[in-house]
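**Q** I am attaching a structure below and will ask some questions about it afterwards.
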Amino acid sequence: MIGRFFRGIWQEYVIDLRDRLDAEAALYRSTTPAGEVSRRIVSVFLTVIGVLIFVRFAGNENDTRWMVQGLRAVGLDDVAARLHDALNTSPDRRFHQRIVWAVGRLTGYLVPTLLVARLVLREPIRSLGLRVRGTARHLSIYAFFFAVMAPVLYVASLSPAFQAKYPYYKLARGEDLWPWFWGWEALYAAQFVALEFFYRGFFIHGIRRALGYSSIFVMMVPYTMIHFGKPLPETLGSVLAGFILGTVSLKSDSIWGGCAIHVAVATSMDLLSLSHQGQL
């Protein structure tokens with residue numbers, strides 16, 4: 001019975017999806033001028049490269065000198081001084097640094113992609129994984145994925161490396177969770193929605209016409225790489241997560257289930273880490 005269930009899932013979400021996407025891509029390439037196909041692929045890839053560079057440097061809360069110097073270069077010395085103080089000497093600088101990190105990702109993941117989608121690809125934004133109708137049909141896949149991940153997360157959360165990494169907003173000794181920790185969790189959740197749109201929305205749906213089923217694996221390469229520097233089990237898990245979330249996004253034309261699972265996993269990781277550290 002269980003074997004039949006998994007064979008059915010594999011058939012529907014992998015074999016049938018692969019055949020459909022590859023057939024659609026073959027038809028698109030045969031009926032579309034080669035230059036147009038290339039322009040689409042190059043536009044998406046260059047946007048992805050630019051976004052990854054932006055979020056790596058613009059969202060680096062540990063080195064904000066370029067922001068301060070940039071403001072001074074355009075004559076905004078007072079703003080530059082306030083920014084420097086907010087990030088380096090303010091009592092709330094830990095939260096301000098987290099804001100820089102989150103805003104850098106929200107801006108990078110959303111602004112260029114939305115502009116390129118509308119002005120270059122000329123795609124309706126909804127077609128890039130933002131459909132809502134029909135999403136509920138696939139919730140069982142996300143629920144199963146979370147059920148599998150939950151015990152793995154718990155075991156991983158016991159390691160010192162995990163507890164040293166999470167949560168990104170480090171509580172001071174005796175600090176309450178409200179307001180800064182929960183404020184951070186809200187920002188954290190928002191950037192995961194932006195991240196899902198970038199990888200499982202703009203990126204994967206932007207190249208699916210030209211590359212078909214292979215678009216999942218193209219997306220998985222940079223998605224895995226952004227986990228470098230994190231604990232090894234999490235990095236390895238990102239390979240499976242990228243495959244599953246990419247697959248269901250293409251199957252459902254929606255990123256919303258992926259957003260929910262990503263936020264649930266990330267929040268669980270932070271709370272588990274705090275619990276083991278005795279800070280809950």
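In the structure tokens, chains take the letters A, B, ... in the order shown, each chain's residues start at 1, and ligands count up from 1 in the order shown.
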Please provide as a PDB file with all heavy atoms, in the first residue's frame all residues within 12 Å of Leu236 (chain A), with the sequence filter that same-chain residues fewer than 4 positions apart are discarded (counting only C-alpha atoms).
**A**
```
ATOM      1  N   VAL A 152      14.644  15.219  11.757  1.00  0.00           N
ATOM      2  CA  VAL A 152      16.003  15.545  11.315  1.00  0.00           C
ATOM      3  C   VAL A 152      16.426  16.893  11.896  1.00  0.00           C
ATOM      4  O   VAL A 152      17.567  17.060  12.360  1.00  0.00           O
ATOM      5  CB  VAL A 152      16.074  15.574   9.774  1.00  0.00           C
ATOM      6  CG1 VAL A 152      17.469  15.994   9.303  1.00  0.00           C
ATOM      7  CG2 VAL A 152      15.693  14.224   9.199  1.00  0.00           C
ATOM      8  N   MET A 220      18.720  24.429  -8.742  1.00  0.00           N
ATOM      9  CA  MET A 220      19.282  23.817  -7.534  1.00  0.00           C
ATOM     10  C   MET A 220      20.746  24.167  -7.305  1.00  0.00           C
ATOM     11  O   MET A 220      21.221  24.141  -6.165  1.00  0.00           O
ATOM     12  CB  MET A 220      19.119  22.291  -7.602  1.00  0.00           C
ATOM     13  CG  MET A 220      17.702  21.809  -7.371  1.00  0.00           C
ATOM     14  SD  MET A 220      17.498  20.050  -7.788  1.00  0.00           S
ATOM     15  CE  MET A 220      18.732  19.283  -6.725  1.00  0.00           C
ATOM     16  N   TYR A 223      21.014  27.551  -5.526  1.00  0.00           N
ATOM     17  CA  TYR A 223      20.277  27.404  -4.261  1.00  0.00           C
ATOM     18  C   TYR A 223      21.090  26.607  -3.246  1.00  0.00           C
ATOM     19  O   TYR A 223      21.124  26.952  -2.064  1.00  0.00           O
ATOM     20  CB  TYR A 223      18.932  26.735  -4.505  1.00  0.00           C
ATOM     21  CG  TYR A 223      18.124  26.592  -3.235  1.00  0.00           C
ATOM     22  CD1 TYR A 223      17.633  27.722  -2.580  1.00  0.00           C
ATOM     23  CD2 TYR A 223      17.877  25.336  -2.681  1.00  0.00           C
ATOM     24  CE1 TYR A 223      16.907  27.615  -1.403  1.00  0.00           C
ATOM     25  CE2 TYR A 223      17.153  25.213  -1.504  1.00  0.00           C
ATOM     26  CZ  TYR A 223      16.670  26.356  -0.875  1.00  0.00           C
ATOM     27  OH  TYR A 223      15.964  26.230   0.299  1.00  0.00           O
ATOM     28  N   THR A 224      21.755  25.555  -3.690  1.00  0.00           N
ATOM     29  CA  THR A 224      22.620  24.801  -2.781  1.00  0.00           C
ATOM     30  C   THR A 224      23.805  25.641  -2.337  1.00  0.00           C
ATOM     31  O   THR A 224      24.197  25.617  -1.162  1.00  0.00           O
ATOM     32  CB  THR A 224      23.128  23.518  -3.478  1.00  0.00           C
ATOM     33  OG1 THR A 224      22.012  22.712  -3.851  1.00  0.00           O
ATOM     34  CG2 THR A 224      24.028  22.725  -2.542  1.00  0.00           C
ATOM     35  N   MET A 225      24.361  26.422  -3.245  1.00  0.00           N
ATOM     36  CA  MET A 225      25.561  27.202  -2.933  1.00  0.00           C
ATOM     37  C   MET A 225      25.316  28.283  -1.890  1.00  0.00           C
ATOM     38  O   MET A 225      26.228  28.629  -1.133  1.00  0.00           O
ATOM     39  CB  MET A 225      26.126  27.818  -4.218  1.00  0.00           C
ATOM     40  CG  MET A 225      26.670  26.777  -5.184  1.00  0.00           C
ATOM     41  SD  MET A 225      27.260  27.486  -6.747  1.00  0.00           S
ATOM     42  CE  MET A 225      28.713  28.353  -6.183  1.00  0.00           C
ATOM     43  N   ILE A 226      24.087  28.822  -1.815  1.00  0.00           N
ATOM     44  CA  ILE A 226      23.842  29.848  -0.797  1.00  0.00           C
ATOM     45  C   ILE A 226      23.819  29.237   0.605  1.00  0.00           C
ATOM     46  O   ILE A 226      23.826  29.976   1.607  1.00  0.00           O
ATOM     47  CB  ILE A 226      22.531  30.628  -1.040  1.00  0.00           C
ATOM     48  CG1 ILE A 226      21.306  29.723  -0.887  1.00  0.00           C
ATOM     49  CG2 ILE A 226      22.566  31.332  -2.381  1.00  0.00           C
ATOM     50  CD1 ILE A 226      19.987  30.491  -0.879  1.00  0.00           C
ATOM     51  N   HIS A 227      23.827  27.920   0.688  1.00  0.00           N
ATOM     52  CA  HIS A 227      23.877  27.251   1.990  1.00  0.00           C
ATOM     53  C   HIS A 227      25.303  26.905   2.407  1.00  0.00           C
ATOM     54  O   HIS A 227      25.508  26.352   3.488  1.00  0.00           O
ATOM     55  CB  HIS A 227      23.011  25.987   1.983  1.00  0.00           C
ATOM     56  CG  HIS A 227      21.547  26.267   1.888  1.00  0.00           C
ATOM     57  ND1 HIS A 227      20.921  26.570   0.695  1.00  0.00           N
ATOM     58  CD2 HIS A 227      20.582  26.315   2.840  1.00  0.00           C
ATOM     59  CE1 HIS A 227      19.636  26.787   0.922  1.00  0.00           C
ATOM     60  NE2 HIS A 227      19.401  26.632   2.192  1.00  0.00           N
ATOM     61  N   PHE A 228      26.282  27.214   1.548  1.00  0.00           N
ATOM     62  CA  PHE A 228      27.671  26.996   1.942  1.00  0.00           C
ATOM     63  C   PHE A 228      27.980  27.899   3.143  1.00  0.00           C
ATOM     64  O   PHE A 228      27.598  29.071   3.172  1.00  0.00           O
ATOM     65  CB  PHE A 228      28.627  27.330   0.800  1.00  0.00           C
ATOM     66  CG  PHE A 228      28.553  26.370  -0.363  1.00  0.00           C
ATOM     67  CD1 PHE A 228      29.269  26.615  -1.531  1.00  0.00           C
ATOM     68  CD2 PHE A 228      27.789  25.219  -0.304  1.00  0.00           C
ATOM     69  CE1 PHE A 228      29.212  25.742  -2.607  1.00  0.00           C
ATOM     70  CE2 PHE A 228      27.715  24.340  -1.378  1.00  0.00           C
ATOM     71  CZ  PHE A 228      28.432  24.597  -2.524  1.00  0.00           C
ATOM     72  N   GLY A 229      28.673  27.363   4.118  1.00  0.00           N
ATOM     73  CA  GLY A 229      28.948  28.109   5.344  1.00  0.00           C
ATOM     74  C   GLY A 229      27.988  27.761   6.451  1.00  0.00           C
ATOM     75  O   GLY A 229      28.206  28.143   7.615  1.00  0.00           O
ATOM     76  N   LYS A 230      26.905  27.057   6.121  1.00  0.00           N
ATOM     77  CA  LYS A 230      25.973  26.589   7.131  1.00  0.00           C
ATOM     78  C   LYS A 230      26.362  25.169   7.533  1.00  0.00           C
ATOM     79  O   LYS A 230      27.210  24.534   6.876  1.00  0.00           O
ATOM     80  CB  LYS A 230      24.545  26.633   6.591  1.00  0.00           C
ATOM     81  CG  LYS A 230      24.068  28.049   6.287  1.00  0.00           C
ATOM     82  CD  LYS A 230      22.607  28.078   5.897  1.00  0.00           C
ATOM     83  CE  LYS A 230      22.145  29.510   5.665  1.00  0.00           C
ATOM     84  NZ  LYS A 230      20.694  29.584   5.358  1.00  0.00           N
ATOM     85  N   PRO A 231      25.784  24.616   8.606  1.00  0.00           N
ATOM     86  CA  PRO A 231      26.118  23.240   8.988  1.00  0.00           C
ATOM     87  C   PRO A 231      25.908  22.272   7.829  1.00  0.00           C
ATOM     88  O   PRO A 231      24.974  22.418   7.034  1.00  0.00           O
ATOM     89  CB  PRO A 231      25.144  22.960  10.149  1.00  0.00           C
ATOM     90  CG  PRO A 231      24.878  24.315  10.739  1.00  0.00           C
ATOM     91  CD  PRO A 231      24.873  25.259   9.571  1.00  0.00           C
ATOM     92  N   LEU A 232      26.803  21.261   7.732  1.00  0.00           N
ATOM     93  CA  LEU A 232      26.768  20.325   6.614  1.00  0.00           C
ATOM     94  C   LEU A 232      25.409  19.655   6.429  1.00  0.00           C
ATOM     95  O   LEU A 232      24.923  19.559   5.289  1.00  0.00           O
ATOM     96  CB  LEU A 232      27.857  19.264   6.777  1.00  0.00           C
ATOM     97  CG  LEU A 232      27.916  18.180   5.694  1.00  0.00           C
ATOM     98  CD1 LEU A 232      28.152  18.795   4.319  1.00  0.00           C
ATOM     99  CD2 LEU A 232      29.003  17.156   6.032  1.00  0.00           C
ATOM    100  N   LEU A 240      17.889  18.304  -1.400  1.00  0.00           N
ATOM    101  CA  LEU A 240      16.577  17.652  -1.436  1.00  0.00           C
ATOM    102  C   LEU A 240      15.460  18.685  -1.425  1.00  0.00           C
ATOM    103  O   LEU A 240      14.483  18.566  -2.178  1.00  0.00           O
ATOM    104  CB  LEU A 240      16.426  16.703  -0.249  1.00  0.00           C
ATOM    105  CG  LEU A 240      15.089  15.964  -0.133  1.00  0.00           C
ATOM    106  CD1 LEU A 240      14.856  15.076  -1.345  1.00  0.00           C
ATOM    107  CD2 LEU A 240      15.048  15.154   1.159  1.00  0.00           C
ATOM    108  N   ALA A 241      15.606  19.711  -0.579  1.00  0.00           N
ATOM    109  CA  ALA A 241      14.579  20.747  -0.498  1.00  0.00           C
ATOM    110  C   ALA A 241      14.426  21.469  -1.827  1.00  0.00           C
ATOM    111  O   ALA A 241      13.311  21.744  -2.279  1.00  0.00           O
ATOM    112  CB  ALA A 241      14.929  21.746   0.607  1.00  0.00           C
ATOM    113  N   GLY A 242      15.552  21.791  -2.467  1.00  0.00           N
ATOM    114  CA  GLY A 242      15.488  22.471  -3.757  1.00  0.00           C
ATOM    115  C   GLY A 242      14.765  21.644  -4.800  1.00  0.00           C
ATOM    116  O   GLY A 242      13.960  22.172  -5.580  1.00  0.00           O
ATOM    117  N   PHE A 243      15.018  20.337  -4.788  1.00  0.00           N
ATOM    118  CA  PHE A 243      14.352  19.457  -5.752  1.00  0.00           C
ATOM    119  C   PHE A 243      12.856  19.377  -5.494  1.00  0.00           C
ATOM    120  O   PHE A 243      12.038  19.520  -6.414  1.00  0.00           O
ATOM    121  CB  PHE A 243      14.972  18.062  -5.695  1.00  0.00           C
ATOM    122  CG  PHE A 243      14.273  17.061  -6.583  1.00  0.00           C
ATOM    123  CD1 PHE A 243      14.450  17.096  -7.952  1.00  0.00           C
ATOM    124  CD2 PHE A 243      13.429  16.108  -6.037  1.00  0.00           C
ATOM    125  CE1 PHE A 243      13.803  16.192  -8.781  1.00  0.00           C
ATOM    126  CE2 PHE A 243      12.773  15.192  -6.855  1.00  0.00           C
ATOM    127  CZ  PHE A 243      12.955  15.237  -8.226  1.00  0.00           C
TER     128      PHE A 243
END
```
**Q** So which bits of region 26-251 of chain A end up helix (DSSP H, G or I) when you DSSP the backbone, as number ranges by chain?
**A** A: 26-31, 34-58, 65-73, 77-88, 93-119, 125-127, 135-157, 160-165, 180-225, 232-251
**Q** What's around region 115-119 of chain A at 9 Å? Count only C-alpha atoms, leave out sequence neighbours fewer than 3 positions away in its own chain, and write the answer as a list in words.
**A**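 So, after excluding close chain neighbours, the residues are Ser43, Val44, Thr47, Leu110, Val111, Pro112, Arg122, Glu123, Pro124, Ile125, Leu128, Phe202 and Gly206 of chain A.
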**Q** Please produce an output containing N, CA, C and O atoms for each residue in the selection, written as a PDB file, in the first residue's frame.
**A**
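Just written: part-v5.pdb:
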```pdb
ATOM      1  N   SER A  43      18.588  36.648 -20.312  1.00  0.00           N
ATOM      2  CA  SER A  43      17.994  37.656 -19.437  1.00  0.00           C
ATOM      3  C   SER A  43      17.793  37.112 -18.027  1.00  0.00           C
ATOM      4  O   SER A  43      18.097  37.791 -17.027  1.00  0.00           O
ATOM      5  N   VAL A  44      17.286  35.890 -17.943  1.00  0.00           N
ATOM      6  CA  VAL A  44      17.060  35.289 -16.624  1.00  0.00           C
ATOM      7  C   VAL A  44      18.387  35.022 -15.929  1.00  0.00           C
ATOM      8  O   VAL A  44      18.562  35.359 -14.746  1.00  0.00           O
ATOM      9  N   THR A  47      20.107  38.199 -14.740  1.00  0.00           N
ATOM     10  CA  THR A  47      19.382  38.744 -13.586  1.00  0.00           C
ATOM     11  C   THR A  47      19.721  37.963 -12.327  1.00  0.00           C
ATOM     12  O   THR A  47      19.964  38.548 -11.262  1.00  0.00           O
ATOM     13  N   LEU A 110      13.385  40.741  -5.044  1.00  0.00           N
ATOM     14  CA  LEU A 110      12.106  41.159  -5.607  1.00  0.00           C
ATOM     15  C   LEU A 110      12.203  42.234  -6.687  1.00  0.00           C
ATOM     16  O   LEU A 110      11.580  42.114  -7.747  1.00  0.00           O
ATOM     17  N   VAL A 111      12.950  43.301  -6.442  1.00  0.00           N
ATOM     18  CA  VAL A 111      12.911  44.456  -7.349  1.00  0.00           C
ATOM     19  C   VAL A 111      13.435  44.120  -8.748  1.00  0.00           C
ATOM     20  O   VAL A 111      12.719  44.317  -9.746  1.00  0.00           O
ATOM     21  N   PRO A 112      14.657  43.595  -8.895  1.00  0.00           N
ATOM     22  CA  PRO A 112      15.132  43.308 -10.264  1.00  0.00           C
ATOM     23  C   PRO A 112      14.296  42.249 -10.966  1.00  0.00           C
ATOM     24  O   PRO A 112      14.040  42.365 -12.172  1.00  0.00           O
ATOM     25  N   ARG A 122       8.240  40.106 -20.340  1.00  0.00           N
ATOM     26  CA  ARG A 122       6.845  40.471 -20.616  1.00  0.00           C
ATOM     27  C   ARG A 122       5.879  39.372 -20.166  1.00  0.00           C
ATOM     28  O   ARG A 122       4.970  38.977 -20.882  1.00  0.00           O
ATOM     29  N   GLU A 123       6.148  38.893 -18.958  1.00  0.00           N
ATOM     30  CA  GLU A 123       5.329  37.842 -18.360  1.00  0.00           C
ATOM     31  C   GLU A 123       4.377  38.444 -17.342  1.00  0.00           C
ATOM     32  O   GLU A 123       4.761  39.334 -16.577  1.00  0.00           O
ATOM     33  N   PRO A 124       3.146  37.958 -17.283  1.00  0.00           N
ATOM     34  CA  PRO A 124       2.293  38.324 -16.143  1.00  0.00           C
ATOM     35  C   PRO A 124       2.945  37.805 -14.871  1.00  0.00           C
ATOM     36  O   PRO A 124       3.413  36.658 -14.829  1.00  0.00           O
ATOM     37  N   ILE A 125       3.018  38.628 -13.853  1.00  0.00           N
ATOM     38  CA  ILE A 125       3.694  38.239 -12.613  1.00  0.00           C
ATOM     39  C   ILE A 125       3.089  36.961 -12.038  1.00  0.00           C
ATOM     40  O   ILE A 125       3.792  36.096 -11.507  1.00  0.00           O
ATOM     41  N   LEU A 128       4.586  33.504 -12.747  1.00  0.00           N
ATOM     42  CA  LEU A 128       5.890  33.139 -12.189  1.00  0.00           C
ATOM     43  C   LEU A 128       5.731  32.542 -10.796  1.00  0.00           C
ATOM     44  O   LEU A 128       6.431  32.909  -9.854  1.00  0.00           O
ATOM     45  N   PHE A 202      10.553  33.280 -10.157  1.00  0.00           N
ATOM     46  CA  PHE A 202      11.193  33.924 -11.313  1.00  0.00           C
ATOM     47  C   PHE A 202      12.184  33.015 -12.021  1.00  0.00           C
ATOM     48  O   PHE A 202      12.134  32.857 -13.246  1.00  0.00           O
ATOM     49  N   GLY A 206      10.985  31.181 -15.195  1.00  0.00           N
ATOM     50  CA  GLY A 206      11.530  31.989 -16.278  1.00  0.00           C
ATOM     51  C   GLY A 206      12.253  31.175 -17.331  1.00  0.00           C
ATOM     52  O   GLY A 206      12.329  31.592 -18.494  1.00  0.00           O
TER      53      GLY A 206
END
```
**Q** Counting only C-alpha atoms, figure out which residue out of A:Phe198, A:Arg209, A:Cys259, A:Leu274 gets nearest to Thr32 (chain A).
**A**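 Closest residue, counting only C-alpha atoms: A:Arg209.
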**Q** Excluding Glu185 (chain A) and residues on its chain fewer than 3 positions from it, collect all residues at most 12 Å away from it, counting only C-alpha atoms, and give them as number ranges by chain.
**A** A: 95, 98-99, 102, 166-170, 177-182, 188-192, 263-264, 266-271
**Q** Selected residues, C-alpha atoms, written as a compact mmCIF listing (two decimals), in the first residue's frame, please.
**A**
```txt
# COMPACT_ATOMS: atom_id res chain seq x y z
CA PHE A 95 18.50 44.30 15.41
CA ARG A 98 19.46 42.18 10.96
CA ILE A 99 17.30 44.79 9.23
CA ALA A 102 16.73 41.26 5.51
CA TYR A 166 20.84 29.99 14.91
CA PRO A 167 18.97 32.14 15.44
CA TYR A 168 20.58 34.87 13.37
CA TYR A 169 19.28 37.42 15.85
CA LYS A 170 21.25 36.63 18.99
CA LEU A 177 11.59 37.57 22.97
CA TRP A 178 9.40 40.63 22.44
CA PRO A 179 9.86 42.89 20.60
CA TRP A 180 13.15 42.35 18.78
CA PHE A 181 13.22 38.58 18.41
CA TRP A 182 9.67 38.35 17.07
CA TYR A 188 13.02 36.51 8.41
CA ALA A 189 9.70 35.12 7.14
CA ALA A 190 9.31 37.97 4.64
CA GLN A 191 12.74 37.33 3.12
CA PHE A 192 11.89 33.65 2.74
CA VAL A 263 8.96 29.69 7.12
CA ALA A 264 7.81 26.77 9.29
CA ALA A 266 13.17 28.24 9.70
CA THR A 267 11.05 29.25 12.69
CA SER A 268 11.34 25.74 14.12
CA MET A 269 15.12 25.87 13.77
CA ASP A 270 15.34 29.14 15.67
CA LEU A 271 13.02 28.03 18.46
```
**Q** Tell me, as a VMD selection string, which residues lie within 12 Å of Glu36 (chain A), counting only C-alpha atoms; anything in the same chain fewer than 6 positions away does not count.
**A** chain A and resid 28 to 30 42 to 43 120 to 121 209 to 210
**Q** Have a look at A:Leu171, A:Ile141, A:Leu87, A:Leu153 and name the one nearest to Tyr13 (chain A); count only C-alpha atoms.
**A**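 Among the listed residues, the smallest separation from Tyr13 (chain A) belongs to A:Ile141.
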**Q** For CA of Met219 (chain A) and CA of Leu106 (chain A), quote the distance in Å rounded to one decimal.
**A** 18.8 Å
**Q** Out of A:Leu280, A:Met149, A:Ala186, A:Ala172, which residue has the shortest atom-to-atom distance to Ile261 (chain A) when counting only C-alpha atoms?
**A**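 Among A:Leu280, A:Met149, A:Ala186, A:Ala172, it is A:Met149 that comes nearest to Ile261 (chain A).
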**Q** Between A:Val14, A:Val100, A:Leu211, A:Leu245, which is the closest to Gly59 (chain A) once you count only C-alpha atoms?
**A**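 Looking only at the distances to Gly59 (chain A), the closest residue turns out to be A:Val100.
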**Q** For a test of reading the model, state the distance in Å between CA of Ile207 (chain A) and CA of Ile41 (chain A), rounded to one decimal.
**A**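 These two atoms are separated by 6.1 Å.
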**Q** Could you tell me which of A:Ala136, A:Leu52, A:Val221, A:Leu83 comes closest to Met67 (chain A) if we count only C-alpha atoms?
**A**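 For Met67 (chain A), the nearest of the given residues is A:Leu83.
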**Q** Excluding His84 (chain A) and its own-chain neighbours fewer than 4 positions away, which residues fall within 12 Å of it when counting only C-alpha atoms? Please give them as an NGL selection string.
**A** :A and (61-72 or 77-80 or 88-90 or 93 or 96-97 or 100)
**Q** Would you save the residues from that selection as a tab-separated table (two decimals), in the first residue's frame, using C-alpha atoms?
**A**
```tsv
chain	number	residue	atom	x	y	z
A	61	GLU	CA	25.58	43.56	7.83
A	62	ASN	CA	29.19	42.91	8.88
A	63	ASP	CA	30.60	45.35	6.34
A	64	THR	CA	28.46	48.44	5.79
A	65	ARG	CA	31.31	50.80	4.97
A	66	TRP	CA	30.26	51.05	1.34
A	67	MET	CA	26.77	52.22	2.39
A	68	VAL	CA	28.16	54.85	4.74
A	69	GLN	CA	30.74	56.02	2.21
A	70	GLY	CA	28.13	56.06	-0.56
A	71	LEU	CA	25.87	58.33	1.45
A	72	ARG	CA	28.77	60.66	2.21
A	77	ASP	CA	26.77	63.16	5.80
A	78	ASP	CA	24.14	63.34	8.55
A	79	VAL	CA	22.32	60.26	7.23
A	80	ALA	CA	25.64	58.43	6.91
A	88	ASN	CA	27.80	50.09	15.27
A	89	THR	CA	27.12	51.95	18.52
A	90	SER	CA	23.36	51.89	19.12
A	93	ARG	CA	22.53	47.63	16.76
A	96	HIS	CA	19.50	47.12	13.05
A	97	GLN	CA	22.12	44.83	11.51
A	100	VAL	CA	20.14	45.50	6.78
```
